[in-house]
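Please read the structure below before turning to the comments.
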There are 2 protein chains.
Amino acid sequence: MQESALSSEFQTASVLSCKYDDPVQALRHDLHDELSIVESLIQENLDSEYVARIVQIGEYIFSAGGKRLRPILTIACACLFGPTGRHHLNFAAAIEFIHTTTLLHDDVVDSSSQRRGRPTANLLWDNKSSILVGDFFFARAFQLMVDTRSLAALAVIAESSVTISEAEVMQLAWQHDITISEDDYFRIINGKTACLFAAAAQVGALIAGASESESQAAFRFGRALGISFQIRDDVLDFDGCKLSLGKDLGDDFRDRKMTLPMIRAMQAASTEEQDFWKRTIAEGQQHEGDFEYVRFLLKSRGHLEQVQEEAVAWSEKAKRELENLPPHPLRDRLEWLADFSAIRQN
Amino acid sequence: MQESALSSEFQTASVLSCKYDDPVQALRHDLHDELSIVESLIQENLDSEYVARIVQIGEYIFSAGGKRLRPILTIACACLFGPTGRHHLNFAAAIEFIHTTTLLHDDVVDSSSQRRGRPTANLLWDNKSSILVGDFFFARAFQLMVDTRSLAALAVIAESSVTISEAEVMQLAWQHDITISEDDYFRIINGKTACLFAAAAQVGALIAGASESESQAAFRFGRALGISFQIRDDVLDFDGCKLSLGKDLGDDFRDRKMTLPMIRAMQAASTEEQDFWKRTIAEGQQHEGDFEYVRFLLKSRGHLEQVQEEAVAWSEKAKRELENLPPHPLRDRLEWLADFSAIRQN
């Protein structure tokens, strides 16, 4: 297995990186050069000769400073095997485009007005532009991927795209429905979050020449990491620090989005509590103090703690899957990322 | 070049087909068996194990009896070269899925309430479902295409997808703008209609082993056919028969959508007429009798006739491109289709 071209530089980076408290920052530093190429690919591909609005919306969104977690996963997993050429970077950019399509369409579907601390595109332009520019980004992703001629990786992303869009419809169909099961919750977060993390990791490994079993392990690593991330997100919405999160708590409750802590509370609800959930989630009648009562319920009955343990269990699973991948300083970073996913504050 | 498996059956079909007044009906008869397989592929791929809403919307839309023009182009162009296997049918189904995504998203963007004489999905369900189920269909198309492992054909569709979505945004940006140029009009209809016709024809030829120059000719044939179709559509909206069309005339004018007849009229407008266009299109102040006045203008000044001649010229161009493809009874049918595109009543 060829060593990553980054590897020798990386050794230095690794020594320096004790200054990072956060593995995402550290990985962004380690993979700085490759991430810069990904940014250039994104910039080139959000271009349109005749349609200024595409470029405006594209630049607005991509300048919002997302973490680029998915491209990081693709590049880091490729580096474990020593990537050749730039195909993994095409996939990293394509996956970020696909992620951006889902954000644009989600914000229309949820009538969101804020994302990453800024007004959403649907608010600044309109829903129509967000729908169609989202479609454009997906088409660009398709083009970037076909350019690599990597059919195995294309197949991974095609399947992932089906799973994502299926989960988006599923989430919509279950909206405000307090009878949702844990199985359905996990199907939704698998599609909404975990399967693109999984595909990002797997594609990186695949393109860099991983064996079938290694590429499957990369997939399972990404999937477990994504589930841990999403569950932690759900916990933070009840128990985070407003300052670290950069947004108010309670969004899920106010949007009547059934997350794991609420599902657990509902399963254990007394008749009186059931009425509370019916009123606030199914009927959408929320009054002052309701969110505080939910936090009280989730904390005093131990639901939040149990759900947090589940986030940690998924991050442990992610770490176990990493053991099936070649040892490498970047694998250590990914292990740190797995730990971080379940305890992060934002 | 291998003869189409359909060819011998087809000779009989051809003799029988004098009973058809319409080349679309005739082609649907000629290609009946292959189109049935495409319908099965569509049916299988609109399936979702967990999300009933996808299946409901899918069945509603695909049962609406679209003409399946794009699958017909793919299959017919493949048959000119003798297709092997079923890959061209995967592409035919995928292209119909992509077309359906654009219809679903278009209907949301245009707030349409009717399509093919029935309520739209966004009316029966909601905008959110139409956006997300549209995304699901695109992802399914992607999967169906990757399954064929035909990179050259995948590249054609990827590029076409970019052109389509770019044109959709362009159309939105030019909405209600009476300063739109003919160049921009042609860019929009190329993206909205012609480029998927072009890709459908080219992919059929490509997959069946056409040479580079033949596949390019198929592309140009489909493109010219699509432009002819779209211009004829624009003419019919002012000059069609309500009964044949199955809808009211004047939709484009009422939706303030700048089509070629209107662009021509605006170019030749007197100051008074310019004010009329400003009021009705730019400002959207339409009164009773306005549509009748537009019809009077377009007809009395010869704009409609000139635009109709343009539709015919594009259908002639489509026919000339066909001459670069192998002689075949189905090529004759496509020639008939080209003629028909510019004179059809619905």
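Every chain in the structure tokens takes a letter, A first, then B, and so on in the order presented; its residues are numbered from 1, and the ligands are numbered from 1 following the presented order.
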
Considering only C-alpha atoms, extract the chain B residues located within 8 Å of chain A and return them as a PDB file with N, CA, C and O atoms, in the first residue's frame.
ATOM      1  N   SER B  48     -40.366   2.257  -2.513  1.00  0.00           N
ATOM      2  CA  SER B  48     -39.622   2.560  -1.300  1.00  0.00           C
ATOM      3  C   SER B  48     -40.193   1.679  -0.199  1.00  0.00           C
ATOM      4  O   SER B  48     -41.409   1.621  -0.010  1.00  0.00           O
ATOM      5  N   TYR B  50     -39.990   1.859   3.050  1.00  0.00           N
ATOM      6  CA  TYR B  50     -40.508   2.443   4.282  1.00  0.00           C
ATOM      7  C   TYR B  50     -41.350   3.698   4.087  1.00  0.00           C
ATOM      8  O   TYR B  50     -41.942   4.193   5.034  1.00  0.00           O
ATOM      9  N   VAL B  51     -41.345   4.251   2.881  1.00  0.00           N
ATOM     10  CA  VAL B  51     -41.958   5.567   2.731  1.00  0.00           C
ATOM     11  C   VAL B  51     -43.103   5.514   1.719  1.00  0.00           C
ATOM     12  O   VAL B  51     -42.912   5.638   0.504  1.00  0.00           O
ATOM     13  N   ARG B  53     -45.360   7.565   1.007  1.00  0.00           N
ATOM     14  CA  ARG B  53     -45.667   8.770   0.235  1.00  0.00           C
ATOM     15  C   ARG B  53     -44.926   8.801  -1.106  1.00  0.00           C
ATOM     16  O   ARG B  53     -45.444   9.304  -2.094  1.00  0.00           O
ATOM     17  N   ILE B  54     -43.713   8.261  -1.125  1.00  0.00           N
ATOM     18  CA  ILE B  54     -42.951   8.223  -2.380  1.00  0.00           C
ATOM     19  C   ILE B  54     -43.703   7.379  -3.409  1.00  0.00           C
ATOM     20  O   ILE B  54     -43.883   7.778  -4.563  1.00  0.00           O
ATOM     21  N   HIS B 105     -40.526  19.776  -9.643  1.00  0.00           N
ATOM     22  CA  HIS B 105     -39.935  21.023  -9.134  1.00  0.00           C
ATOM     23  C   HIS B 105     -40.506  22.246  -9.867  1.00  0.00           C
ATOM     24  O   HIS B 105     -40.776  23.267  -9.233  1.00  0.00           O
ATOM     25  N   VAL B 108     -43.808  23.264  -8.432  1.00  0.00           N
ATOM     26  CA  VAL B 108     -43.670  24.010  -7.179  1.00  0.00           C
ATOM     27  C   VAL B 108     -43.270  25.452  -7.490  1.00  0.00           C
ATOM     28  O   VAL B 108     -43.872  26.409  -6.984  1.00  0.00           O
ATOM     29  N   VAL B 109     -42.259  25.604  -8.345  1.00  0.00           N
ATOM     30  CA  VAL B 109     -41.730  26.936  -8.660  1.00  0.00           C
ATOM     31  C   VAL B 109     -42.810  27.803  -9.313  1.00  0.00           C
ATOM     32  O   VAL B 109     -42.928  28.995  -9.019  1.00  0.00           O
ATOM     33  N   ASN B 127     -45.976  21.235  -1.413  1.00  0.00           N
ATOM     34  CA  ASN B 127     -44.719  21.610  -2.076  1.00  0.00           C
ATOM     35  C   ASN B 127     -43.543  20.801  -1.542  1.00  0.00           C
ATOM     36  O   ASN B 127     -42.671  20.366  -2.293  1.00  0.00           O
ATOM     37  N   LYS B 128     -43.525  20.628  -0.218  1.00  0.00           N
ATOM     38  CA  LYS B 128     -42.407  19.918   0.410  1.00  0.00           C
ATOM     39  C   LYS B 128     -42.248  18.513  -0.167  1.00  0.00           C
ATOM     40  O   LYS B 128     -41.146  18.083  -0.500  1.00  0.00           O
ATOM     41  N   SER B 129     -43.376  17.804  -0.272  1.00  0.00           N
ATOM     42  CA  SER B 129     -43.309  16.441  -0.803  1.00  0.00           C
ATOM     43  C   SER B 129     -42.833  16.455  -2.250  1.00  0.00           C
ATOM     44  O   SER B 129     -42.053  15.593  -2.662  1.00  0.00           O
ATOM     45  N   ILE B 131     -40.862  18.598  -3.721  1.00  0.00           N
ATOM     46  CA  ILE B 131     -39.417  18.860  -3.782  1.00  0.00           C
ATOM     47  C   ILE B 131     -38.646  17.583  -3.463  1.00  0.00           C
ATOM     48  O   ILE B 131     -37.762  17.166  -4.213  1.00  0.00           O
ATOM     49  N   LEU B 132     -39.006  16.948  -2.350  1.00  0.00           N
ATOM     50  CA  LEU B 132     -38.194  15.826  -1.861  1.00  0.00           C
ATOM     51  C   LEU B 132     -38.403  14.560  -2.677  1.00  0.00           C
ATOM     52  O   LEU B 132     -37.453  13.806  -2.921  1.00  0.00           O
ATOM     53  N   VAL B 133     -39.631  14.322  -3.134  1.00  0.00           N
ATOM     54  CA  VAL B 133     -39.854  13.149  -3.985  1.00  0.00           C
ATOM     55  C   VAL B 133     -39.168  13.371  -5.345  1.00  0.00           C
ATOM     56  O   VAL B 133     -38.621  12.440  -5.934  1.00  0.00           O
ATOM     57  N   ASP B 135     -36.352  14.932  -5.693  1.00  0.00           N
ATOM     58  CA  ASP B 135     -34.949  14.574  -5.408  1.00  0.00           C
ATOM     59  C   ASP B 135     -34.761  13.056  -5.399  1.00  0.00           C
ATOM     60  O   ASP B 135     -33.757  12.540  -5.896  1.00  0.00           O
ATOM     61  N   PHE B 136     -35.730  12.377  -4.829  1.00  0.00           N
ATOM     62  CA  PHE B 136     -35.654  10.907  -4.798  1.00  0.00           C
ATOM     63  C   PHE B 136     -35.626  10.340  -6.219  1.00  0.00           C
ATOM     64  O   PHE B 136     -34.828   9.454  -6.531  1.00  0.00           O
ATOM     65  N   ALA B 139     -32.276  10.765  -7.765  1.00  0.00           N
ATOM     66  CA  ALA B 139     -31.314   9.809  -7.200  1.00  0.00           C
ATOM     67  C   ALA B 139     -31.532   8.419  -7.801  1.00  0.00           C
ATOM     68  O   ALA B 139     -30.576   7.699  -8.111  1.00  0.00           O
ATOM     69  N   ARG B 140     -32.788   8.045  -8.001  1.00  0.00           N
ATOM     70  CA  ARG B 140     -33.080   6.750  -8.631  1.00  0.00           C
ATOM     71  C   ARG B 140     -32.539   6.705 -10.055  1.00  0.00           C
ATOM     72  O   ARG B 140     -32.026   5.686 -10.512  1.00  0.00           O
ATOM     73  N   PHE B 142     -29.993   8.306 -11.205  1.00  0.00           N
ATOM     74  CA  PHE B 142     -28.556   8.184 -11.026  1.00  0.00           C
ATOM     75  C   PHE B 142     -28.185   6.705 -10.831  1.00  0.00           C
ATOM     76  O   PHE B 142     -27.300   6.159 -11.509  1.00  0.00           O
ATOM     77  N   GLN B 143     -28.924   6.042  -9.950  1.00  0.00           N
ATOM     78  CA  GLN B 143     -28.661   4.635  -9.652  1.00  0.00           C
ATOM     79  C   GLN B 143     -28.869   3.743 -10.883  1.00  0.00           C
ATOM     80  O   GLN B 143     -28.036   2.894 -11.195  1.00  0.00           O
ATOM     81  N   VAL B 146     -25.924   4.314 -13.266  1.00  0.00           N
ATOM     82  CA  VAL B 146     -24.645   3.755 -12.812  1.00  0.00           C
ATOM     83  C   VAL B 146     -24.646   2.238 -12.994  1.00  0.00           C
ATOM     84  O   VAL B 146     -23.623   1.643 -13.338  1.00  0.00           O
ATOM     85  N   ASP B 147     -25.815   1.614 -12.805  1.00  0.00           N
ATOM     86  CA  ASP B 147     -25.920   0.166 -12.987  1.00  0.00           C
ATOM     87  C   ASP B 147     -25.460  -0.290 -14.371  1.00  0.00           C
ATOM     88  O   ASP B 147     -25.025  -1.422 -14.540  1.00  0.00           O
ATOM     89  N   ARG B 149     -22.967   0.905 -16.052  1.00  0.00           N
ATOM     90  CA  ARG B 149     -21.515   1.058 -16.146  1.00  0.00           C
ATOM     91  C   ARG B 149     -21.081   1.737 -17.450  1.00  0.00           C
ATOM     92  O   ARG B 149     -19.936   1.595 -17.890  1.00  0.00           O
ATOM     93  N   LEU B 151     -19.929   4.761 -18.925  1.00  0.00           N
ATOM     94  CA  LEU B 151     -19.426   6.076 -18.529  1.00  0.00           C
ATOM     95  C   LEU B 151     -19.694   7.157 -19.567  1.00  0.00           C
ATOM     96  O   LEU B 151     -20.013   8.299 -19.216  1.00  0.00           O
ATOM     97  N   LEU B 154     -23.212   8.161 -19.145  1.00  0.00           N
ATOM     98  CA  LEU B 154     -23.352   8.887 -17.874  1.00  0.00           C
ATOM     99  C   LEU B 154     -22.875  10.334 -18.022  1.00  0.00           C
ATOM    100  O   LEU B 154     -23.493  11.262 -17.496  1.00  0.00           O
ATOM    101  N   ALA B 155     -21.780  10.508 -18.750  1.00  0.00           N
ATOM    102  CA  ALA B 155     -21.243  11.864 -18.928  1.00  0.00           C
ATOM    103  C   ALA B 155     -22.228  12.730 -19.703  1.00  0.00           C
ATOM    104  O   ALA B 155     -22.393  13.922 -19.399  1.00  0.00           O
ATOM    105  N   ALA B 158     -24.964  13.656 -17.251  1.00  0.00           N
ATOM    106  CA  ALA B 158     -24.475  14.598 -16.232  1.00  0.00           C
ATOM    107  C   ALA B 158     -24.438  16.010 -16.817  1.00  0.00           C
ATOM    108  O   ALA B 158     -24.919  16.967 -16.193  1.00  0.00           O
ATOM    109  N   GLU B 159     -23.899  16.131 -18.015  1.00  0.00           N
ATOM    110  CA  GLU B 159     -23.822  17.460 -18.624  1.00  0.00           C
ATOM    111  C   GLU B 159     -25.216  18.015 -18.896  1.00  0.00           C
ATOM    112  O   GLU B 159     -25.501  19.192 -18.657  1.00  0.00           O
ATOM    113  N   SER B 161     -27.891  17.354 -17.239  1.00  0.00           N
ATOM    114  CA  SER B 161     -28.519  17.742 -15.964  1.00  0.00           C
ATOM    115  C   SER B 161     -28.073  19.134 -15.537  1.00  0.00           C
ATOM    116  O   SER B 161     -28.869  19.915 -15.002  1.00  0.00           O
ATOM    117  N   VAL B 162     -26.794  19.426 -15.762  1.00  0.00           N
ATOM    118  CA  VAL B 162     -26.297  20.765 -15.438  1.00  0.00           C
ATOM    119  C   VAL B 162     -27.005  21.802 -16.309  1.00  0.00           C
ATOM    120  O   VAL B 162     -27.492  22.835 -15.812  1.00  0.00           O
ATOM    121  N   SER B 165     -30.732  22.347 -15.174  1.00  0.00           N
ATOM    122  CA  SER B 165     -30.967  23.098 -13.936  1.00  0.00           C
ATOM    123  C   SER B 165     -30.491  24.540 -14.087  1.00  0.00           C
ATOM    124  O   SER B 165     -31.088  25.458 -13.521  1.00  0.00           O
ATOM    125  N   GLU B 166     -29.449  24.729 -14.871  1.00  0.00           N
ATOM    126  CA  GLU B 166     -28.981  26.090 -15.142  1.00  0.00           C
ATOM    127  C   GLU B 166     -30.083  26.882 -15.864  1.00  0.00           C
ATOM    128  O   GLU B 166     -30.382  28.033 -15.511  1.00  0.00           O
ATOM    129  N   GLU B 168     -33.242  26.333 -15.772  1.00  0.00           N
ATOM    130  CA  GLU B 168     -34.387  26.552 -14.879  1.00  0.00           C
ATOM    131  C   GLU B 168     -34.160  27.809 -14.032  1.00  0.00           C
ATOM    132  O   GLU B 168     -35.068  28.612 -13.834  1.00  0.00           O
ATOM    133  N   VAL B 169     -32.934  27.956 -13.530  1.00  0.00           N
ATOM    134  CA  VAL B 169     -32.632  29.160 -12.742  1.00  0.00           C
ATOM    135  C   VAL B 169     -32.673  30.391 -13.656  1.00  0.00           C
ATOM    136  O   VAL B 169     -33.182  31.450 -13.270  1.00  0.00           O
ATOM    137  N   MET B 170     -32.150  30.229 -14.859  1.00  0.00           N
ATOM    138  CA  MET B 170     -32.129  31.340 -15.815  1.00  0.00           C
ATOM    139  C   MET B 170     -33.557  31.802 -16.120  1.00  0.00           C
ATOM    140  O   MET B 170     -33.852  32.993 -16.142  1.00  0.00           O
ATOM    141  N   LEU B 172     -36.114  31.507 -14.226  1.00  0.00           N
ATOM    142  CA  LEU B 172     -36.622  32.186 -13.036  1.00  0.00           C
ATOM    143  C   LEU B 172     -36.088  33.617 -12.967  1.00  0.00           C
ATOM    144  O   LEU B 172     -36.827  34.560 -12.672  1.00  0.00           O
ATOM    145  N   ALA B 173     -34.785  33.765 -13.274  1.00  0.00           N
ATOM    146  CA  ALA B 173     -34.169  35.088 -13.183  1.00  0.00           C
ATOM    147  C   ALA B 173     -34.747  36.054 -14.229  1.00  0.00           C
ATOM    148  O   ALA B 173     -34.821  37.258 -13.990  1.00  0.00           O
TER     149      ALA B 173
END

I want to know what sits within 10 Å of Ile207 (chain B), based on only C-alpha atoms, with residues of the same chain fewer than 4 positions away left out; could you give that as an MDAnalysis selection string?
chainID B and resid 74 77:78 81:89 91 148 150:153 202:203 215

Restricting the output to N, CA and C atoms, write the selected residues as a PDB file, in the first residue's frame.
ATOM      1  N   THR B  74     -34.723   7.473 -26.890  1.00  0.00           N
ATOM      2  CA  THR B  74     -33.577   6.625 -26.514  1.00  0.00           C
ATOM      3  C   THR B  74     -33.687   5.251 -27.165  1.00  0.00           C
ATOM      4  N   CYS B  77     -33.433   5.426 -31.118  1.00  0.00           N
ATOM      5  CA  CYS B  77     -32.058   5.682 -31.578  1.00  0.00           C
ATOM      6  C   CYS B  77     -31.167   4.476 -31.319  1.00  0.00           C
ATOM      7  N   ALA B  78     -31.403   3.770 -30.218  1.00  0.00           N
ATOM      8  CA  ALA B  78     -30.628   2.549 -29.966  1.00  0.00           C
ATOM      9  C   ALA B  78     -30.940   1.508 -31.040  1.00  0.00           C
ATOM     10  N   PHE B  81     -29.118   1.125 -34.299  1.00  0.00           N
ATOM     11  CA  PHE B  81     -27.795   0.499 -34.301  1.00  0.00           C
ATOM     12  C   PHE B  81     -27.844  -0.937 -33.801  1.00  0.00           C
ATOM     13  N   GLY B  82     -29.024  -1.393 -33.405  1.00  0.00           N
ATOM     14  CA  GLY B  82     -29.140  -2.738 -32.868  1.00  0.00           C
ATOM     15  C   GLY B  82     -28.609  -2.798 -31.459  1.00  0.00           C
ATOM     16  N   PRO B  83     -29.452  -2.527 -30.473  1.00  0.00           N
ATOM     17  CA  PRO B  83     -28.965  -2.508 -29.096  1.00  0.00           C
ATOM     18  C   PRO B  83     -28.676  -3.931 -28.624  1.00  0.00           C
ATOM     19  N   THR B  84     -27.733  -4.063 -27.714  1.00  0.00           N
ATOM     20  CA  THR B  84     -27.535  -5.354 -27.072  1.00  0.00           C
ATOM     21  C   THR B  84     -27.830  -5.153 -25.600  1.00  0.00           C
ATOM     22  N   GLY B  85     -28.471  -6.139 -25.017  1.00  0.00           N
ATOM     23  CA  GLY B  85     -28.765  -6.050 -23.591  1.00  0.00           C
ATOM     24  C   GLY B  85     -29.862  -5.045 -23.299  1.00  0.00           C
ATOM     25  N   ARG B  86     -29.886  -4.615 -22.038  1.00  0.00           N
ATOM     26  CA  ARG B  86     -30.986  -3.753 -21.608  1.00  0.00           C
ATOM     27  C   ARG B  86     -30.513  -2.397 -21.112  1.00  0.00           C
ATOM     28  N   HIS B  87     -29.260  -2.070 -21.364  1.00  0.00           N
ATOM     29  CA  HIS B  87     -28.752  -0.819 -20.808  1.00  0.00           C
ATOM     30  C   HIS B  87     -29.475   0.415 -21.341  1.00  0.00           C
ATOM     31  N   HIS B  88     -29.865   0.371 -22.627  1.00  0.00           N
ATOM     32  CA  HIS B  88     -30.575   1.533 -23.171  1.00  0.00           C
ATOM     33  C   HIS B  88     -31.923   1.707 -22.476  1.00  0.00           C
ATOM     34  N   LEU B  89     -32.484   0.602 -21.979  1.00  0.00           N
ATOM     35  CA  LEU B  89     -33.775   0.709 -21.281  1.00  0.00           C
ATOM     36  C   LEU B  89     -33.588   1.333 -19.897  1.00  0.00           C
ATOM     37  N   PHE B  91     -31.383   3.583 -19.266  1.00  0.00           N
ATOM     38  CA  PHE B  91     -31.260   5.022 -19.537  1.00  0.00           C
ATOM     39  C   PHE B  91     -32.619   5.622 -19.890  1.00  0.00           C
ATOM     40  N   THR B 148     -25.588   0.578 -15.372  1.00  0.00           N
ATOM     41  CA  THR B 148     -25.202   0.168 -16.732  1.00  0.00           C
ATOM     42  C   THR B 148     -23.685   0.201 -16.932  1.00  0.00           C
ATOM     43  N   SER B 150     -21.983   2.482 -18.067  1.00  0.00           N
ATOM     44  CA  SER B 150     -21.668   3.142 -19.344  1.00  0.00           C
ATOM     45  C   SER B 150     -21.237   4.578 -19.082  1.00  0.00           C
ATOM     46  N   LEU B 151     -19.929   4.761 -18.925  1.00  0.00           N
ATOM     47  CA  LEU B 151     -19.426   6.076 -18.529  1.00  0.00           C
ATOM     48  C   LEU B 151     -19.694   7.157 -19.567  1.00  0.00           C
ATOM     49  N   ALA B 152     -19.587   6.813 -20.837  1.00  0.00           N
ATOM     50  CA  ALA B 152     -19.795   7.826 -21.874  1.00  0.00           C
ATOM     51  C   ALA B 152     -21.236   8.340 -21.802  1.00  0.00           C
ATOM     52  N   ALA B 153     -22.175   7.424 -21.622  1.00  0.00           N
ATOM     53  CA  ALA B 153     -23.580   7.825 -21.544  1.00  0.00           C
ATOM     54  C   ALA B 153     -23.845   8.594 -20.246  1.00  0.00           C
ATOM     55  N   GLN B 202     -28.943  10.795 -28.024  1.00  0.00           N
ATOM     56  CA  GLN B 202     -27.513  10.480 -28.088  1.00  0.00           C
ATOM     57  C   GLN B 202     -27.167   9.239 -27.269  1.00  0.00           C
ATOM     58  N   VAL B 203     -27.742   9.158 -26.074  1.00  0.00           N
ATOM     59  CA  VAL B 203     -27.443   8.035 -25.196  1.00  0.00           C
ATOM     60  C   VAL B 203     -27.904   6.719 -25.825  1.00  0.00           C
ATOM     61  N   SER B 215     -23.152   9.511 -32.894  1.00  0.00           N
ATOM     62  CA  SER B 215     -23.772   9.879 -31.609  1.00  0.00           C
ATOM     63  C   SER B 215     -23.945  11.394 -31.530  1.00  0.00           C
TER      64      SER B 215
END

Would you pick out the contacts of region 294-311 of chain B at 6 Å or less, using only C-alpha atoms, so that residues sharing its chain but fewer than 5 positions from it are not included, and give the list as a PyMOL selection string?
chain B and resi 228+231-232+261+342

Output as an NGL selection string all residues of region 64-311 of chain A that backbone DSSP marks as strand (DSSP E).
:A and (114-115 or 118-119)

Give the answer as one residue: which of B:His29, B:Arg256, B:Leu123, B:Ile98 has the shortest atom-to-atom distance to Thr193 (chain B), using only C-alpha atoms?
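Smallest distance to Thr193 (chain B) is found for B:Ile98.
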
Give the answer as one residue: which of B:Phe253, B:Trp336, B:Trp314, B:Phe238 has the shortest atom-to-atom distance to Val24 (chain B), using only C-alpha atoms?
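Selected residue with least distance to Val24 (chain B): B:Trp336.
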
Mind pulling up the distance from CA of Ile61 (chain A) to CA of Asn122 (chain A)?
11.2 Å

Env of Gly65 (chain B): 12 Å cut, atoms = only C-alpha atoms, seq-sep filter 6 positions within chain, self excluded. Answer as a count of residues only.
6

I need the residues of region 47-230 of chain B that end up classed as helix (DSSP H, G or I) by DSSP on the backbone, written out as a ChimeraX atom specification.
/B:52-62,69-79,87-109,121-124,127-148,151-174,182-207,212-230
